[in-house]
>>> print(open('work00.pdb').read())   # PDB, N, CA and C atoms, pLDDT in the B column
MODEL        1
ATOM      1  N   MET A 459     -42.667  25.727  -7.272  1.00 55.00           N
ATOM      2  CA  MET A 459     -41.768  24.598  -7.454  1.00 55.00           C
ATOM      3  C   MET A 459     -41.797  23.758  -6.187  1.00 55.00           C
ATOM      4  N   GLY A 460     -42.073  22.483  -6.337  1.00 73.00           N
ATOM      5  CA  GLY A 460     -42.185  21.593  -5.187  1.00 73.00           C
ATOM      6  C   GLY A 460     -40.859  20.941  -4.836  1.00 73.00           C
ATOM      7  N   LEU A 461     -40.892  20.191  -3.771  1.00 77.00           N
ATOM      8  CA  LEU A 461     -39.711  19.470  -3.331  1.00 77.00           C
ATOM      9  C   LEU A 461     -39.699  18.078  -3.936  1.00 77.00           C
ATOM     10  N   GLY A 462     -38.524  17.534  -4.105  1.00 78.00           N
ATOM     11  CA  GLY A 462     -38.404  16.175  -4.615  1.00 78.00           C
ATOM     12  C   GLY A 462     -38.965  15.179  -3.610  1.00 78.00           C
ATOM     13  N   PRO A 463     -39.316  13.979  -4.056  1.00 77.00           N
ATOM     14  CA  PRO A 463     -39.954  13.013  -3.171  1.00 77.00           C
ATOM     15  C   PRO A 463     -39.077  12.558  -2.001  1.00 77.00           C
ATOM     16  N   LYS A 464     -37.767  12.654  -2.125  1.00 84.00           N
ATOM     17  CA  LYS A 464     -36.889  12.233  -1.034  1.00 84.00           C
ATOM     18  C   LYS A 464     -36.488  13.379  -0.117  1.00 84.00           C
ATOM     19  N   THR A 465     -36.756  14.616  -0.505  1.00 88.00           N
ATOM     20  CA  THR A 465     -36.302  15.765   0.267  1.00 88.00           C
ATOM     21  C   THR A 465     -36.948  15.831   1.643  1.00 88.00           C
ATOM     22  N   VAL A 466     -38.261  15.672   1.703  1.00 85.00           N
ATOM     23  CA  VAL A 466     -38.962  15.775   2.988  1.00 85.00           C
ATOM     24  C   VAL A 466     -38.531  14.662   3.945  1.00 85.00           C
ATOM     25  N   PRO A 467     -38.512  13.381   3.532  1.00 86.00           N
ATOM     26  CA  PRO A 467     -38.046  12.348   4.467  1.00 86.00           C
ATOM     27  C   PRO A 467     -36.593  12.539   4.906  1.00 86.00           C
ATOM     28  N   ASN A 468     -35.743  12.998   3.999  1.00 90.00           N
ATOM     29  CA  ASN A 468     -34.344  13.231   4.363  1.00 90.00           C
ATOM     30  C   ASN A 468     -34.220  14.350   5.390  1.00 90.00           C
ATOM     31  N   ASN A 469     -34.953  15.441   5.195  1.00 87.00           N
ATOM     32  CA  ASN A 469     -34.912  16.545   6.154  1.00 87.00           C
ATOM     33  C   ASN A 469     -35.514  16.134   7.489  1.00 87.00           C
ATOM     34  N   HIS A 470     -36.591  15.362   7.461  1.00 85.00           N
ATOM     35  CA  HIS A 470     -37.218  14.867   8.691  1.00 85.00           C
ATOM     36  C   HIS A 470     -36.224  14.014   9.478  1.00 85.00           C
ATOM     37  N   ALA A 471     -35.517  13.122   8.791  1.00 88.00           N
ATOM     38  CA  ALA A 471     -34.536  12.257   9.449  1.00 88.00           C
ATOM     39  C   ALA A 471     -33.387  13.068  10.034  1.00 88.00           C
ATOM     40  N   LEU A 472     -32.950  14.093   9.335  1.00 89.00           N
ATOM     41  CA  LEU A 472     -31.869  14.943   9.823  1.00 89.00           C
ATOM     42  C   LEU A 472     -32.276  15.671  11.101  1.00 89.00           C
ATOM     43  N   ILE A 473     -33.445  16.285  11.089  1.00 86.00           N
ATOM     44  CA  ILE A 473     -33.914  17.024  12.266  1.00 86.00           C
ATOM     45  C   ILE A 473     -34.175  16.071  13.428  1.00 86.00           C
ATOM     46  N   GLU A 474     -34.784  14.924  13.134  1.00 84.00           N
ATOM     47  CA  GLU A 474     -35.076  13.950  14.191  1.00 84.00           C
ATOM     48  C   GLU A 474     -33.793  13.465  14.859  1.00 84.00           C
ATOM     49  N   SER A 475     -32.762  13.192  14.069  1.00 85.00           N
ATOM     50  CA  SER A 475     -31.505  12.710  14.642  1.00 85.00           C
ATOM     51  C   SER A 475     -30.787  13.802  15.430  1.00 85.00           C
ATOM     52  N   ALA A 476     -30.993  15.063  15.074  1.00 84.00           N
ATOM     53  CA  ALA A 476     -30.374  16.158  15.815  1.00 84.00           C
ATOM     54  C   ALA A 476     -31.071  16.395  17.151  1.00 84.00           C
ATOM     55  N   VAL A 477     -32.377  16.174  17.211  1.00 79.00           N
ATOM     56  CA  VAL A 477     -33.156  16.439  18.420  1.00 79.00           C
ATOM     57  C   VAL A 477     -33.148  15.243  19.368  1.00 79.00           C
ATOM     58  N   GLU A 478     -33.000  14.049  18.853  1.00 77.00           N
ATOM     59  CA  GLU A 478     -33.132  12.817  19.644  1.00 77.00           C
ATOM     60  C   GLU A 478     -32.228  12.769  20.879  1.00 77.00           C
ATOM     61  N   PRO A 479     -30.948  13.114  20.793  1.00 75.00           N
ATOM     62  CA  PRO A 479     -30.103  13.022  21.994  1.00 75.00           C
ATOM     63  C   PRO A 479     -30.580  13.907  23.148  1.00 75.00           C
ATOM     64  N   THR A 480     -31.148  15.050  22.860  1.00 72.00           N
ATOM     65  CA  THR A 480     -31.594  15.947  23.932  1.00 72.00           C
ATOM     66  C   THR A 480     -32.976  15.586  24.445  1.00 72.00           C
ATOM     67  N   ALA A 481     -33.784  14.905  23.646  1.00 65.00           N
ATOM     68  CA  ALA A 481     -35.149  14.578  24.059  1.00 65.00           C
ATOM     69  C   ALA A 481     -35.153  13.595  25.217  1.00 65.00           C
ATOM     70  N   GLY A 482     -34.205  12.695  25.273  1.00 65.00           N
ATOM     71  CA  GLY A 482     -34.177  11.697  26.334  1.00 65.00           C
ATOM     72  C   GLY A 482     -33.558  12.179  27.631  1.00 65.00           C
ATOM     73  N   GLN A 483     -32.965  13.370  27.659  1.00 69.00           N
ATOM     74  CA  GLN A 483     -32.293  13.867  28.850  1.00 69.00           C
ATOM     75  C   GLN A 483     -33.263  14.357  29.917  1.00 69.00           C
ATOM     76  N   VAL A 484     -34.431  14.784  29.526  1.00 69.00           N
ATOM     77  CA  VAL A 484     -35.424  15.279  30.474  1.00 69.00           C
ATOM     78  C   VAL A 484     -36.532  14.241  30.569  1.00 69.00           C
ATOM     79  N   GLU A 485     -36.864  13.845  31.793  1.00 69.00           N
ATOM     80  CA  GLU A 485     -37.879  12.803  31.980  1.00 69.00           C
ATOM     81  C   GLU A 485     -39.227  13.251  31.428  1.00 69.00           C
ATOM     82  N   GLY A 486     -39.841  12.393  30.656  1.00 67.00           N
ATOM     83  CA  GLY A 486     -41.149  12.689  30.088  1.00 67.00           C
ATOM     84  C   GLY A 486     -41.111  13.480  28.794  1.00 67.00           C
ATOM     85  N   ARG A 487     -39.947  13.908  28.391  1.00 75.00           N
ATOM     86  CA  ARG A 487     -39.843  14.681  27.154  1.00 75.00           C
ATOM     87  C   ARG A 487     -39.636  13.731  25.981  1.00 75.00           C
ATOM     88  N   VAL A 488     -40.373  13.959  24.928  1.00 78.00           N
ATOM     89  CA  VAL A 488     -40.250  13.113  23.741  1.00 78.00           C
ATOM     90  C   VAL A 488     -39.809  13.960  22.556  1.00 78.00           C
ATOM     91  N   ASN A 489     -39.249  13.294  21.595  1.00 77.00           N
ATOM     92  CA  ASN A 489     -38.821  13.960  20.374  1.00 77.00           C
ATOM     93  C   ASN A 489     -40.067  14.391  19.594  1.00 77.00           C
ATOM     94  N   PRO A 490     -40.245  15.682  19.333  1.00 77.00           N
ATOM     95  CA  PRO A 490     -41.435  16.125  18.610  1.00 77.00           C
ATOM     96  C   PRO A 490     -41.526  15.547  17.197  1.00 77.00           C
ATOM     97  N   CYS A 491     -40.405  15.177  16.625  1.00 77.00           N
ATOM     98  CA  CYS A 491     -40.416  14.596  15.277  1.00 77.00           C
ATOM     99  C   CYS A 491     -41.069  13.220  15.262  1.00 77.00           C
ATOM    100  N   SER A 492     -41.066  12.538  16.397  1.00 77.00           N
ATOM    101  CA  SER A 492     -41.648  11.196  16.439  1.00 77.00           C
ATOM    102  C   SER A 492     -43.165  11.235  16.340  1.00 77.00           C
ATOM    103  N   ARG A 493     -43.766  12.400  16.576  1.00 78.00           N
ATOM    104  CA  ARG A 493     -45.222  12.527  16.495  1.00 78.00           C
ATOM    105  C   ARG A 493     -45.701  13.014  15.132  1.00 78.00           C
ATOM    106  N   ILE A 494     -44.776  13.309  14.241  1.00 79.00           N
ATOM    107  CA  ILE A 494     -45.134  13.853  12.931  1.00 79.00           C
ATOM    108  C   ILE A 494     -44.936  12.780  11.871  1.00 79.00           C
ATOM    109  N   GLY A 495     -45.999  12.468  11.170  1.00 81.00           N
ATOM    110  CA  GLY A 495     -45.906  11.493  10.094  1.00 81.00           C
ATOM    111  C   GLY A 495     -45.439  12.147   8.804  1.00 81.00           C
ATOM    112  N   LEU A 496     -44.870  11.344   7.952  1.00 78.00           N
ATOM    113  CA  LEU A 496     -44.415  11.857   6.663  1.00 78.00           C
ATOM    114  C   LEU A 496     -45.571  11.858   5.671  1.00 78.00           C
ATOM    115  N   PRO A 497     -45.571  12.808   4.756  1.00 75.00           N
ATOM    116  CA  PRO A 497     -46.638  12.831   3.751  1.00 75.00           C
ATOM    117  C   PRO A 497     -46.514  11.639   2.809  1.00 75.00           C
ATOM    118  N   ARG A 498     -47.634  11.203   2.329  1.00 76.00           N
ATOM    119  CA  ARG A 498     -47.628  10.101   1.369  1.00 76.00           C
ATOM    120  C   ARG A 498     -47.259  10.635  -0.004  1.00 76.00           C
ATOM    121  N   THR A 499     -46.496   9.839  -0.716  1.00 70.00           N
ATOM    122  CA  THR A 499     -46.143  10.246  -2.075  1.00 70.00           C
ATOM    123  C   THR A 499     -47.150   9.635  -3.036  1.00 70.00           C
ATOM    124  N   GLU A 500     -47.504  10.400  -4.020  1.00 72.00           N
ATOM    125  CA  GLU A 500     -48.449   9.924  -5.022  1.00 72.00           C
ATOM    126  C   GLU A 500     -47.680   9.276  -6.160  1.00 72.00           C
ATOM    127  N   LYS A 501     -48.140   8.117  -6.556  1.00 71.00           N
ATOM    128  CA  LYS A 501     -47.521   7.468  -7.711  1.00 71.00           C
ATOM    129  C   LYS A 501     -48.068   8.117  -8.970  1.00 71.00           C
ATOM    130  N   ILE A 502     -47.161   8.547  -9.799  1.00 70.00           N
ATOM    131  CA  ILE A 502     -47.548   9.170 -11.061  1.00 70.00           C
ATOM    132  C   ILE A 502     -47.213   8.193 -12.175  1.00 70.00           C
ATOM    133  N   GLU A 503     -48.223   7.822 -12.898  1.00 74.00           N
ATOM    134  CA  GLU A 503     -48.009   6.908 -14.014  1.00 74.00           C
ATOM    135  C   GLU A 503     -47.962   7.715 -15.303  1.00 74.00           C
ATOM    136  N   ASP A 504     -46.806   7.699 -15.920  1.00 74.00           N
ATOM    137  CA  ASP A 504     -46.637   8.412 -17.181  1.00 74.00           C
ATOM    138  C   ASP A 504     -46.987   7.482 -18.335  1.00 74.00           C
ATOM    139  N   ASP A 505     -47.651   8.031 -19.314  1.00 78.00           N
ATOM    140  CA  ASP A 505     -47.916   7.277 -20.528  1.00 78.00           C
ATOM    141  C   ASP A 505     -46.628   7.212 -21.338  1.00 78.00           C
ATOM    142  N   ALA A 506     -46.373   6.062 -21.926  1.00 79.00           N
ATOM    143  CA  ALA A 506     -45.185   5.903 -22.748  1.00 79.00           C
ATOM    144  C   ALA A 506     -45.324   6.746 -24.011  1.00 79.00           C
ATOM    145  N   VAL A 507     -44.252   7.429 -24.355  1.00 81.00           N
ATOM    146  CA  VAL A 507     -44.248   8.270 -25.550  1.00 81.00           C
ATOM    147  C   VAL A 507     -43.134   7.775 -26.464  1.00 81.00           C
ATOM    148  N   PHE A 508     -43.486   7.522 -27.701  1.00 83.00           N
ATOM    149  CA  PHE A 508     -42.517   7.041 -28.673  1.00 83.00           C
ATOM    150  C   PHE A 508     -42.411   8.040 -29.816  1.00 83.00           C
ATOM    151  N   LEU A 509     -41.197   8.239 -30.283  1.00 85.00           N
ATOM    152  CA  LEU A 509     -40.976   9.106 -31.433  1.00 85.00           C
ATOM    153  C   LEU A 509     -40.890   8.240 -32.686  1.00 85.00           C
ATOM    154  N   HIS A 510     -41.622   8.621 -33.691  1.00 85.00           N
ATOM    155  CA  HIS A 510     -41.622   7.887 -34.955  1.00 85.00           C
ATOM    156  C   HIS A 510     -41.061   8.791 -36.049  1.00 85.00           C
ATOM    157  N   PRO A 511     -40.167   8.258 -36.882  1.00 86.00           N
ATOM    158  CA  PRO A 511     -39.634   9.085 -37.963  1.00 86.00           C
ATOM    159  C   PRO A 511     -40.740   9.426 -38.963  1.00 86.00           C
ATOM    160  N   GLY A 512     -40.662  10.611 -39.461  1.00 71.00           N
ATOM    161  CA  GLY A 512     -41.627  10.888 -40.509  1.00 71.00           C
ATOM    162  C   GLY A 512     -42.222  12.183 -40.414  1.00 71.00           C
TER     163      GLY A 512
ENDMDL
END
>>> encode(input="work00.pdb", output="structure tokens")
Amino acid sequence: MGLGPKTVPNNHALIESAVEPTAGQVEGRVNPCSRIGLPRTEKIEDDAVFLHPG
């Protein structure tokens, strides 16, 4: 079972915001989350399905 398309960006933002205040306190230290890119989401095109009586 995979994660929803918004779960990974939301978790990334949460962790990044938690680490950010401490990353700037030490000279030369950067937030490790800033170096990690988010995965690309694939667009899934569903074929339209219609129900017909009968």
>>> residues_around(input="work00.pdb", residues="stretch 472-475 of chain A", least_positions_apart="2", cutoff="9 Å", atoms="only C-alpha atoms", output="VMD selection string")
chain A and resid 467 to 470 477 to 479 489 to 492
>>> axis_aligned_box(input="work00.pdb", around="stretch 472-476 of chain A", padding_each_side="3 Å", output="AutoDock Vina command-line options")
--center_x -32.7 --center_y 14.9 --center_z 13.2 --size_x 10.7 --size_y 10.3 --size_z 13.8
>>> select_by_dssp(input="work00.pdb", residues="chain A", states="helix (DSSP H, G or I)", output="ChimeraX atom specification")
/A:465-481,490-493
>>> atom_distance(input="work00.pdb", atom1="atom C of A:Ala506", atom2="atom N of A:Pro463")
22.1 Å
>>> atom_distance(input="work00.pdb", atom1="atom CA of A:Arg493", atom2="atom CA of A:Lys464")
19.4 Å
>>> atom_distance(input="work00.pdb", atom1="atom C of A:Glu503", atom2="atom C of A:Gly462")
16.5 Å
